[in-house]
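What follows is a single structure, written as structure tokens, with notes after it.
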Amino acid sequence: MPYAVAKDRVRLYFEEAGSGTPIIFLHEFAADHTNWEPQMRYFSRGHRCIAYSARGYTPSDVPPSAEVYTYEYFYTDALAVLDHLGIAKAHFVGLSMGSYSSLQVGLNAPERALSMTLAAVGAGSSLEQLDAFRAQCVANAEQYEAIGSVEVAKVTREAPSRIPFLLKDPRGHADFYAALARHDARGSANTMRSFQGARPSIYTMNDAIRRVPTPALILCGDEDDNCIEPSLFLKRHLPAAGLSFFPKSGHVLNLEEPALFNEMVERFIALAEAGRWPARDPRSMVAAVV
């Protein structure tokens, strides 16, 4: 099996396909590298595509200590995969947790990102609800430890943001949660506790976000309630951001609407590579009324 090695010697399993300008795919909490298969098959026709499983997600290593599951480890793991492959720059395509890590690359290593696709980004960012969100993450981690991934998958399969997927594609929804049931419970608990439950809210990064020059595409399902306001926030503050809402869609955009997702991302990457995705022109902004 092909592995990259992170800065703390954790092995990260990856797969790659195709040739051309690189695209790296970063998965969400409930997924792993396999959930990018519709994108790997499509984009590898014209790009070198890489998908990897984050630490805590087999066949990558599952470190026992929750201390090494912070957001800093996750975004630097993505860079470690690129380093292993000798790739200086890539297009970053993330979903949810993977979008947060992609944004962190933009904030901390913008020279490595040709573009950022931030899909289903920002859940849990509300400052008013932050303490409650973090408490829920701790409870979710304890649930993984107490009953295991099989039972957690049964409990979470009808979470509000997953219902649109269930209604559109019951077969795909069932496959998704069958895969979640196979996740390592310890890795999921550690990720929930230290990444999901301890990462800074994007609303605390306003000044840094305004300085990110990287072309960005923000994608959000219009029924993914927890991501709508964060998506709008990022559109307002990332200088070179575009925003698209997917109608009647929830959280798992790349699987819920694969054709639309691929079309939107393909167009964005083509424009970014052509230098045709600039920062917003100030003339298009409405002046504030005093």
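Letters for chains follow the order of the structure tokens (A, B, ...), residue numbers begin at 1 for each chain, and ligand numbers begin at 1 in the order shown.
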Which residues are near Ala241 in chain A? Cut-off 6 Å, only C-alpha atoms, ignore same chain within fewer than 3 positions. Put them as a list of chain:residue names.
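Skipping anything fewer than 3 positions along the chain leaves A:Ala216, A:Leu217, A:Lys235, A:Leu238.
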Write the residues of the selection above to a file with all heavy atoms, as a PDB file, in the first residue's frame.
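Output saved as again.pdb:
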```pdb
ATOM      1  N   ALA A 216     -10.745  30.898  -4.550  1.00  0.00           N
ATOM      2  CA  ALA A 216     -11.552  30.009  -3.716  1.00  0.00           C
ATOM      3  C   ALA A 216     -12.949  29.877  -4.294  1.00  0.00           C
ATOM      4  O   ALA A 216     -13.557  30.863  -4.718  1.00  0.00           O
ATOM      5  CB  ALA A 216     -11.631  30.544  -2.288  1.00  0.00           C
ATOM      6  N   LEU A 217     -13.459  28.646  -4.286  1.00  0.00           N
ATOM      7  CA  LEU A 217     -14.845  28.367  -4.642  1.00  0.00           C
ATOM      8  C   LEU A 217     -15.518  27.786  -3.414  1.00  0.00           C
ATOM      9  O   LEU A 217     -15.078  26.766  -2.875  1.00  0.00           O
ATOM     10  CB  LEU A 217     -14.923  27.373  -5.804  1.00  0.00           C
ATOM     11  CG  LEU A 217     -16.335  26.892  -6.173  1.00  0.00           C
ATOM     12  CD1 LEU A 217     -17.195  28.053  -6.668  1.00  0.00           C
ATOM     13  CD2 LEU A 217     -16.265  25.774  -7.220  1.00  0.00           C
ATOM     14  N   LYS A 235     -17.469  34.129   1.755  1.00  0.00           N
ATOM     15  CA  LYS A 235     -17.625  34.860   0.499  1.00  0.00           C
ATOM     16  C   LYS A 235     -17.341  36.345   0.712  1.00  0.00           C
ATOM     17  O   LYS A 235     -16.709  37.001  -0.124  1.00  0.00           O
ATOM     18  CB  LYS A 235     -19.036  34.648  -0.055  1.00  0.00           C
ATOM     19  CG  LYS A 235     -19.429  35.603  -1.182  1.00  0.00           C
ATOM     20  CD  LYS A 235     -18.459  35.564  -2.356  1.00  0.00           C
ATOM     21  CE  LYS A 235     -18.757  36.662  -3.361  1.00  0.00           C
ATOM     22  NZ  LYS A 235     -17.710  36.776  -4.389  1.00  0.00           N
ATOM     23  N   LEU A 238     -13.059  36.365   2.001  1.00  0.00           N
ATOM     24  CA  LEU A 238     -11.971  35.866   1.159  1.00  0.00           C
ATOM     25  C   LEU A 238     -11.912  36.720  -0.103  1.00  0.00           C
ATOM     26  O   LEU A 238     -12.907  36.822  -0.829  1.00  0.00           O
ATOM     27  CB  LEU A 238     -12.211  34.404   0.781  1.00  0.00           C
ATOM     28  CG  LEU A 238     -11.822  33.335   1.797  1.00  0.00           C
ATOM     29  CD1 LEU A 238     -12.332  31.975   1.340  1.00  0.00           C
ATOM     30  CD2 LEU A 238     -10.303  33.282   2.000  1.00  0.00           C
TER      31      LEU A 238
END
```
Under the rule of at most 8 Å, produce a per-residue listing of range 144-190 of chain A near range 8-31 of chain A: chain, number, name, the closest pair of atoms, and the distance in Å, as a tab-separated table, using only C-alpha atoms.
```
residue	atom	partner	partner_atom	distance
A:Phe176	CA	A:Ala31	CA	7.7
A:Ala179	CA	A:Ala31	CA	7.7
A:Leu180	CA	A:Ala30	CA	6.1
A:Ser188	CA	A:Phe29	CA	7.9
```
Env of range 141-148 of chain A: 8 Å cut, atoms = only C-alpha atoms, seq-sep filter 4 positions within chain, self excluded. Answer as a PDB file with N, CA, C and O atoms, in the first residue's frame.
```pdb
ATOM      1  N   CYS A 137     -19.519  17.708  20.685  1.00  0.00           N
ATOM      2  CA  CYS A 137     -18.415  16.939  20.105  1.00  0.00           C
ATOM      3  C   CYS A 137     -17.813  15.984  21.131  1.00  0.00           C
ATOM      4  O   CYS A 137     -17.490  14.831  20.814  1.00  0.00           O
ATOM      5  N   VAL A 152     -23.030   3.920  16.066  1.00  0.00           N
ATOM      6  CA  VAL A 152     -23.070   5.360  15.804  1.00  0.00           C
ATOM      7  C   VAL A 152     -23.625   5.614  14.402  1.00  0.00           C
ATOM      8  O   VAL A 152     -24.424   6.534  14.197  1.00  0.00           O
ATOM      9  N   ALA A 185     -13.314   3.185  15.596  1.00  0.00           N
ATOM     10  CA  ALA A 185     -14.020   3.977  16.607  1.00  0.00           C
ATOM     11  C   ALA A 185     -13.067   4.872  17.388  1.00  0.00           C
ATOM     12  O   ALA A 185     -13.413   6.010  17.726  1.00  0.00           O
ATOM     13  N   ARG A 186     -11.877   4.394  17.679  1.00  0.00           N
ATOM     14  CA  ARG A 186     -10.921   5.209  18.424  1.00  0.00           C
ATOM     15  C   ARG A 186     -10.477   6.398  17.594  1.00  0.00           C
ATOM     16  O   ARG A 186     -10.390   7.531  18.095  1.00  0.00           O
ATOM     17  N   SER A 188     -12.141   7.840  15.184  1.00  0.00           N
ATOM     18  CA  SER A 188     -13.273   8.768  15.072  1.00  0.00           C
ATOM     19  C   SER A 188     -13.463   9.555  16.359  1.00  0.00           C
ATOM     20  O   SER A 188     -13.733  10.762  16.333  1.00  0.00           O
ATOM     21  N   ALA A 189     -13.326   8.885  17.493  1.00  0.00           N
ATOM     22  CA  ALA A 189     -13.470   9.574  18.779  1.00  0.00           C
ATOM     23  C   ALA A 189     -12.389  10.635  18.950  1.00  0.00           C
ATOM     24  O   ALA A 189     -12.671  11.771  19.380  1.00  0.00           O
ATOM     25  N   ASN A 190     -11.159  10.296  18.614  1.00  0.00           N
ATOM     26  CA  ASN A 190     -10.072  11.264  18.751  1.00  0.00           C
ATOM     27  C   ASN A 190     -10.239  12.449  17.809  1.00  0.00           C
ATOM     28  O   ASN A 190      -9.957  13.601  18.176  1.00  0.00           O
ATOM     29  N   MET A 192     -13.124  13.554  16.606  1.00  0.00           N
ATOM     30  CA  MET A 192     -14.253  14.339  17.097  1.00  0.00           C
ATOM     31  C   MET A 192     -13.846  15.203  18.285  1.00  0.00           C
ATOM     32  O   MET A 192     -14.224  16.376  18.384  1.00  0.00           O
ATOM     33  N   ARG A 193     -13.047  14.659  19.162  1.00  0.00           N
ATOM     34  CA  ARG A 193     -12.672  15.386  20.386  1.00  0.00           C
ATOM     35  C   ARG A 193     -11.673  16.518  20.097  1.00  0.00           C
ATOM     36  O   ARG A 193     -11.845  17.640  20.583  1.00  0.00           O
TER      37      ARG A 193
END
```
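A straight line drawn from CA of Glu273 in chain A to CA of Phe246 in chain A is 23.8 Å long.
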From the list A:Gly46, A:Pro170, A:Pro110, A:Gly94, which residue is nearest His33 in chain A when using only C-alpha atoms?
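Selected residue with least distance to His33 in chain A: A:Gly94.
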All alpha helix (DSSP H) positions in range 41-182 of chain A, as a PyMOL selection string:
chain A and resi 41-43+71-84+97-108+130-156+163-168+170-180
Name all residues at most 9 Å from Glu229 in chain A (count only C-alpha atoms; drop same-chain ones fewer than 5 positions away) and give them as a PyMOL selection string.
chain A and resi 122+126+234
